[in-house]
Structure formats: C-alpha cells, structure tokens
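Engineer: One file is attached below, final29.tsv, containing TSV, C-alpha atoms.
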chain	number	residue	atom	x	y	z
A	1	MET	CA	16.78	-112.82	-24.89
A	2	ALA	CA	19.30	-110.11	-25.68
A	3	LYS	CA	21.60	-110.96	-22.79
A	4	LYS	CA	23.82	-114.02	-23.26
A	5	ILE	CA	22.90	-116.69	-20.75
A	6	LYS	CA	25.51	-118.74	-18.93
A	7	THR	CA	24.27	-122.31	-19.05
A	8	THR	CA	25.69	-123.45	-15.73
A	9	ARG	CA	24.09	-124.87	-12.60
A	10	PRO	CA	25.06	-121.85	-10.43
A	11	GLU	CA	23.44	-119.59	-13.03
A	12	LEU	CA	20.33	-121.78	-13.02
A	13	LYS	CA	20.09	-121.38	-9.24
A	14	ARG	CA	20.55	-117.62	-9.55
A	15	TYR	CA	17.69	-117.37	-12.05
A	16	ARG	CA	15.45	-119.60	-9.94
A	17	ASP	CA	16.10	-117.45	-6.85
A	18	ALA	CA	15.38	-114.31	-8.87
A	19	LEU	CA	12.12	-115.78	-10.20
A	20	ALA	CA	11.04	-116.64	-6.65
A	21	ARG	CA	11.68	-113.03	-5.58
A	22	TYR	CA	9.78	-111.60	-8.54
A	23	GLU	CA	6.79	-113.88	-8.00
A	24	ARG	CA	6.75	-113.04	-4.30
A	25	TYR	CA	7.06	-109.30	-4.89
A	26	LEU	CA	4.53	-109.00	-7.75
A	27	PRO	CA	1.40	-109.69	-5.61
A	28	MET	CA	2.56	-106.99	-3.17
A	29	LEU	CA	2.84	-104.51	-6.04
A	30	LYS	CA	-0.61	-105.45	-7.32
A	31	LEU	CA	-2.10	-105.02	-3.86
A	32	LYS	CA	-0.56	-101.57	-3.60
A	33	GLN	CA	-1.88	-100.76	-7.07
A	34	GLN	CA	-5.40	-101.75	-6.02
A	35	GLN	CA	-5.18	-99.66	-2.83
A	36	LEU	CA	-4.05	-96.64	-4.80
A	37	GLN	CA	-6.76	-97.07	-7.43
A	38	PHE	CA	-9.47	-97.39	-4.79
A	39	THR	CA	-8.24	-94.33	-2.91
A	40	ILE	CA	-7.92	-92.28	-6.10
A	41	ARG	CA	-11.50	-93.11	-7.08
A	42	ASP	CA	-12.67	-91.93	-3.67
A	43	ILE	CA	-10.65	-88.72	-3.84
A	44	VAL	CA	-11.82	-87.99	-7.38
A	45	GLN	CA	-15.43	-88.24	-6.23
A	46	ARG	CA	-14.73	-85.98	-3.26
A	47	ARG	CA	-12.83	-83.53	-5.43
A	48	ARG	CA	-15.65	-83.32	-7.96
A	49	GLU	CA	-18.17	-82.71	-5.18
A	50	ALA	CA	-15.90	-80.04	-3.69
A	51	GLU	CA	-15.59	-78.40	-7.12
A	52	ARG	CA	-19.38	-78.43	-7.48
A	53	LEU	CA	-19.76	-76.69	-4.12
A	54	LEU	CA	-17.09	-74.18	-5.10
A	55	GLU	CA	-18.98	-73.40	-8.31
A	56	GLN	CA	-22.10	-72.82	-6.21
A	57	SER	CA	-20.21	-70.35	-4.03
A	58	GLU	CA	-18.83	-68.55	-7.08
A	59	ALA	CA	-22.33	-68.35	-8.55
A	60	THR	CA	-23.63	-66.91	-5.28
A	61	LEU	CA	-20.90	-64.28	-5.23
A	62	ARG	CA	-21.69	-63.23	-8.79
A	63	SER	CA	-25.03	-62.01	-7.47
A	64	TYR	CA	-23.09	-59.58	-5.24
A	65	GLN	CA	-21.22	-57.94	-8.13
A	66	SER	CA	-23.24	-54.76	-8.01
A	67	VAL	CA	-22.87	-54.22	-4.26
A	68	MET	CA	-19.23	-55.39	-4.06
A	69	ARG	CA	-18.18	-52.25	-5.89
A	70	ASP	CA	-19.23	-50.41	-2.75
A	71	ARG	CA	-16.44	-51.35	-0.34
A	72	CYS	CA	-18.24	-49.76	2.60
A	73	GLY	CA	-14.96	-48.86	4.18
A	74	VAL	CA	-14.21	-52.47	5.29
A	75	PRO	CA	-11.57	-54.81	3.79
A	76	LEU	CA	-13.87	-57.74	3.10
A	77	GLN	CA	-11.50	-59.51	0.70
A	78	GLN	CA	-8.69	-59.32	3.24
A	79	TRP	CA	-10.88	-60.67	6.04
A	80	ALA	CA	-12.07	-63.45	3.78
A	81	GLU	CA	-8.55	-64.72	3.02
A	82	PRO	CA	-7.57	-67.74	5.19
A	83	ALA	CA	-5.19	-66.86	7.99
A	84	GLU	CA	-4.33	-70.53	8.60
A	85	ILE	CA	-4.98	-73.71	6.64
A	86	LYS	CA	-5.38	-76.82	8.76
A	87	THR	CA	-4.48	-80.15	7.20
A	88	ARG	CA	-3.26	-83.47	8.46
A	89	LYS	CA	-1.02	-86.08	6.89
A	90	LYS	CA	-2.43	-89.41	5.80
A	91	ASN	CA	-0.47	-92.45	4.65
A	92	ILE	CA	-2.01	-94.36	1.76
A	93	ALA	CA	-0.01	-97.40	0.60
A	94	GLY	CA	3.23	-95.66	1.54
A	95	VAL	CA	2.24	-92.30	0.02
A	96	VAL	CA	1.85	-89.38	2.42
A	97	ILE	CA	-0.95	-87.09	1.27
A	98	PRO	CA	-2.54	-84.00	2.83
A	99	GLU	CA	-6.11	-84.15	4.09
A	100	PHE	CA	-8.11	-80.99	4.52
A	101	GLU	CA	-9.52	-80.20	7.96
A	102	ASP	CA	-10.45	-76.52	8.10
A	103	VAL	CA	-9.28	-72.96	7.70
A	104	SER	CA	-9.27	-70.02	10.12
A	105	PHE	CA	-9.81	-66.43	9.14
A	106	PRO	CA	-8.62	-63.12	10.59
A	107	GLN	CA	-10.94	-61.46	13.02
A	108	ALA	CA	-13.30	-59.00	11.35
A	109	GLN	CA	-14.06	-55.87	13.32
A	110	TYR	CA	-16.61	-53.44	11.94
A	111	SER	CA	-19.70	-51.65	13.11
A	112	LEU	CA	-22.88	-53.60	12.57
A	113	PHE	CA	-24.83	-50.34	12.52
A	114	GLY	CA	-22.40	-48.39	10.35
A	115	THR	CA	-22.28	-50.87	7.46
A	116	PRO	CA	-24.95	-52.10	5.03
A	117	PRO	CA	-26.89	-55.23	6.08
A	118	TRP	CA	-25.46	-57.31	3.22
A	119	VAL	CA	-21.86	-57.02	4.54
A	120	ASP	CA	-22.26	-59.85	7.07
A	121	GLN	CA	-23.65	-62.26	4.49
A	122	LEU	CA	-21.13	-61.26	1.86
A	123	LEU	CA	-18.23	-61.84	4.25
A	124	ALA	CA	-19.66	-65.25	5.19
A	125	ASP	CA	-20.09	-66.19	1.54
A	126	LEU	CA	-16.57	-65.01	0.65
A	127	ARG	CA	-15.13	-67.09	3.47
A	128	LEU	CA	-17.18	-70.12	2.44
A	129	LYS	CA	-15.91	-69.79	-1.11
A	130	ASN	CA	-12.30	-69.57	0.06
A	131	ARG	CA	-12.76	-72.52	2.41
A	132	ARG	CA	-14.12	-74.60	-0.45
A	133	LYS	CA	-11.34	-73.37	-2.71
A	134	VAL	CA	-8.72	-74.60	-0.24
A	135	ALA	CA	-10.52	-77.93	0.08
A	136	VAL	CA	-10.41	-78.38	-3.70
A	137	ARG	CA	-6.73	-77.44	-3.83
A	138	VAL	CA	-5.80	-79.96	-1.11
A	139	LEU	CA	-7.79	-82.72	-2.80
A	140	ARG	CA	-6.11	-81.99	-6.13
A	141	GLU	CA	-2.70	-82.13	-4.47
A	142	ALA	CA	-3.52	-85.47	-2.85
A	143	GLU	CA	-4.86	-86.83	-6.14
A	144	ALA	CA	-1.72	-85.74	-8.01
A	145	LEU	CA	0.55	-87.44	-5.46
A	146	LEU	CA	-1.42	-90.67	-5.63
A	147	GLN	CA	-1.59	-90.61	-9.43
A	148	LYS	CA	2.17	-90.17	-9.62
A	149	GLU	CA	2.74	-93.14	-7.34
A	150	LEU	CA	0.15	-95.22	-9.20
A	151	THR	CA	1.93	-94.55	-12.49
A	152	ARG	CA	5.20	-95.73	-10.95
A	153	ILE	CA	3.59	-98.88	-9.53
A	154	VAL	CA	1.84	-99.74	-12.81
A	155	GLN	CA	5.15	-99.40	-14.62
A	156	ARG	CA	6.79	-101.78	-12.14
A	157	VAL	CA	3.92	-104.28	-12.37
A	158	ASN	CA	4.22	-104.25	-16.17
A	159	LEU	CA	8.00	-104.61	-15.91
A	160	PHE	CA	7.68	-107.67	-13.68
A	161	GLU	CA	4.76	-109.26	-15.56
A	162	LYS	CA	5.83	-108.57	-19.14
A	163	VAL	CA	9.62	-108.42	-18.98
A	164	MET	CA	11.44	-109.72	-15.93
A	165	ILE	CA	9.37	-112.80	-15.08
A	166	PRO	CA	8.99	-114.04	-18.71
A	167	GLN	CA	12.69	-113.44	-19.42
A	168	THR	CA	13.72	-115.23	-16.23
A	169	ARG	CA	11.46	-118.19	-16.99
A	170	GLU	CA	12.87	-118.35	-20.52
A	171	ALA	CA	16.42	-118.28	-19.17
A	172	ILE	CA	15.60	-121.14	-16.79
A	173	ARG	CA	14.08	-123.12	-19.66
A	174	ILE	CA	17.14	-122.59	-21.88
A	175	ILE	CA	19.58	-123.52	-19.11
A	176	ARG	CA	17.60	-126.65	-18.18
A	177	ILE	CA	17.47	-127.78	-21.81
A	178	THR	CA	21.19	-127.12	-22.27
A	179	LEU	CA	22.12	-128.92	-19.05
A	180	GLY	CA	19.86	-131.82	-20.02
A	181	ASP	CA	21.52	-132.05	-23.44
A	182	GLN	CA	24.92	-131.93	-21.81
A	183	MET	CA	23.94	-134.71	-19.41
A	184	THR	CA	22.59	-136.84	-22.26
A	185	ALA	CA	25.78	-136.26	-24.24
A	186	ALA	CA	27.89	-137.15	-21.20
A	187	VAL	CA	25.96	-140.40	-20.70
A	188	GLY	CA	26.41	-141.22	-24.38
A	189	ARG	CA	30.15	-140.57	-24.20
A	190	ALA	CA	30.38	-142.66	-21.06
A	191	LYS	CA	28.66	-145.59	-22.82
A	192	ILE	CA	30.98	-145.28	-25.80
A	193	ALA	CA	34.03	-145.15	-23.57
A	194	LYS	CA	32.78	-148.15	-21.60
A	195	GLY	CA	32.26	-150.11	-24.83
A	196	LYS	CA	35.76	-149.28	-26.08
A	197	LEU	CA	37.26	-150.27	-22.74
A	198	ALA	CA	35.45	-153.61	-22.79
A	199	ALA	CA	36.63	-154.27	-26.36
A	200	THR	CA	40.22	-153.40	-25.45
A	201	MET	CA	40.19	-155.70	-22.44
A	202	ALA	CA	38.79	-158.54	-24.52
A	203	THR	CA	41.55	-158.07	-27.13
A	204	GLU	CA	44.36	-157.99	-24.61
A	205	SER	CA	43.26	-161.10	-22.60
A	206	PRO	CA	45.34	-164.43	-23.18
A	207	GLY	CA	44.01	-167.00	-25.73
A	208	THR	CA	42.58	-170.45	-24.94
A	209	SER	CA	45.31	-173.12	-23.89
A	210	GLN	CA	45.99	-176.28	-26.07
A	211	PRO	CA	45.28	-179.81	-24.64
A	212	LEU	CA	48.16	-181.24	-22.53
A	213	GLY	CA	48.65	-184.39	-24.69
A	214	GLU	CA	49.45	-182.36	-27.78
A	215	VAL	CA	52.29	-180.45	-26.24
A	216	GLY	CA	55.85	-181.46	-27.45
A	217	GLY	CA	54.78	-183.59	-30.41
A	218	GLU	CA	52.66	-186.70	-30.91
A	219	SER	CA	51.50	-188.71	-27.94
A	220	ARG	CA	52.88	-192.15	-27.42
Any chance you could give the structure as structure tokens?
Structural biologist:
Amino acid sequence: MAKKIKTTRPELKRYRDALARYERYLPMLKLKQQQLQFTIRDIVQRRREAERLLEQSEATLRSYQSVMRDRCGVPLQQWAEPAEIKTRKKNIAGVVIPEFEDVSFPQAQYSLFGTPPWVDQLLADLRLKNRRKVAVRVLREAEALLQKELTRIVQRVNLFEKVMIPQTREAIRIIRITLGDQMTAAVGRAKIAKGKLAATMATESPGTSQPLGEVGGESR
C-alpha cells in the first residue's frame, strides 16, 4: 500500500470499523446498481419502440409531401406544435426522471367545407408525429439521467470492491502481523529478563553454613 500504516491498536480498530462500513455499504450500492440496470433496460426497450412509431409517422408524412406544398390558407404546422407537454416525475433508486404523459395542442379553427379533405388527416398525423417525438425525447432524457447515475454507482462499486476493501483488509493483516510480532518479542524479552533476575538472585543469596563443631578450631 502506498500510504504508510501506523501499526498500533487504535489504528487497527479504525481500519476494522472502516472495513465494516465498506462491507455494509457495498451491498446497498450493488442493489442500486441492479435497480438502475433493470430500469434502463426497460426504458431502452420503450425508447426503441417509441422511435419505431416515430419513424412510422415520419414515413406517413412523407406521403403528404406533394399536398403539403399547398398550405390551403391554414397554419397546419403551427397547430401541430404542442402547446403543453405533460410529464410527471418518477424516482428510481434516488434518481428523479421525467415520465411522459401526453401533450396538448392549440385549438384548430378552419372551415371543413373551405379546405381540402386531406387537411383533417394531415393535421392529425402531424400531431401524432409530434406527440411521438416528445415521447422519444422524454425517454432519451430519462435514459441519459439513469445512465449517468449508473456510471457513478459502478465507479463506486469498483472503488469499494477493488481498492478500498482490499487495501483495508491488507492494512488489517499487516497491523495484526506487526502487533503479533511485537507481542512475541515482548514475551521473549520478558523471559530473558526473568531468567537474568533469577540468576542474579541466586548469585546474591548467602552460602551454605559450616557445621557447628568445626567453628573456632578442632573439637575437643
């Protein structure tokens, strides 16, 4: 590890507490990652279907190209533009995304008898295309928000799994080995000191006394 580790008991406790936090937090991150991935898959499918429907509308409108040059005195494009886009907010794993509901259009007022018969259908098809276009745009926005959050969560999961937890476990291992070596060395020093003390006490103790009859010369 690049960072110098303090091999002390308080530091060992600090690393153990940190490891407990990481291992408790990691499953929560993985659960959020799974929720985001599931939701993104669903939105991608919905977005692709919405894009397919939009392409259908655009193909339908291409068949009107010849008649659309005749504006018939009515602002069809203006009436086909959404006047209001209705969405609601949805919370997915802590991410607030928009969800498409509907659009409203300005009121179209024109004479049914004074305009060609294709005007009604063209206006309906233009509005349908714009409704589908808004739906695609909202789904893309939601997908982008979720993808951004998923990227952040994946980075954090990798950080915990591949960096923080392994480094913390390694620090705990190093500290435990160091403390164990220190304890073994301390026990060894204690035994040596005890042996020296015993030898010193044996050296300093008084010698064995002579028999009483031999004191002061020969016995009578």
Engineer: Name the residues in contact with Ala93 of chain A at a cut-off of 12 Å, using all atoms listed in the file, excluding same-chain residues fewer than 5 positions from it; report them as a PyMOL selection string.
Structural biologist: chain A and resi 28-40+145-146+149-150+153
Engineer: With all atoms listed in the file as the counted atoms, please give the residues lying no more than 10 Å from segment 165-179 of chain A, apart from itself and same-chain residues fewer than 5 positions off, as number ranges by chain.
Structural biologist: A: 1-9, 11-23, 26, 159-160, 184-185
Engineer: To one decimal place in Å, what is the distance between atom CA of Pro27 of chain A and atom CA of Val157 of chain A?
Structural biologist: 9.0 Å
Engineer: May I ask which of the residues A:Trp118, A:Val134, A:Glu55, A:Arg48 is the closest one to Lys86 of chain A, counting all atoms listed in the file?
Structural biologist: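 The shortest atom-to-atom distance to Lys86 of chain A comes from A:Val134.
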Engineer: Determine the nearest neighbour of Arg127 of chain A from the options A:Ser57, A:Gln155, A:Gln147, A:Gln65, counting only C-alpha atoms.
Structural biologist: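 Smallest distance to Arg127 of chain A is found for A:Ser57.
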Engineer: Compile the contact shell of Val103 of chain A as a PyMOL selection string: residues with an atom at most 7 Å away, counting all atoms listed in the file, same-chain residues fewer than 4 positions apart removed.
Structural biologist: chain A and resi 82+84-86+131
Engineer: May I ask which of the residues A:Phe105, A:Trp79, A:Tyr110, A:Phe100 is the closest one to Leu123 of chain A, counting only C-alpha atoms?
Structural biologist: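 Selected residue with least distance to Leu123 of chain A: A:Trp79.
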Engineer: Mind pulling up the distance from atom CA of Tyr64 of chain A to atom CA of Val119 of chain A?
Structural biologist: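 That distance, rounded to one decimal, is 10.2 Å.
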Engineer: Near Arg137 of chain A, within 10 Å and counting only C-alpha atoms, which residues show up once chain neighbours fewer than 4 positions away are dropped, as a ChimeraX atom specification?
Structural biologist: /A:47,50-51,100,131-133,141-143
Engineer: A:Arg52, A:Arg156, A:Lys162, A:Arg46: which is nearest Leu139 of chain A, counting all atoms listed in the file?
Structural biologist: A:Arg46
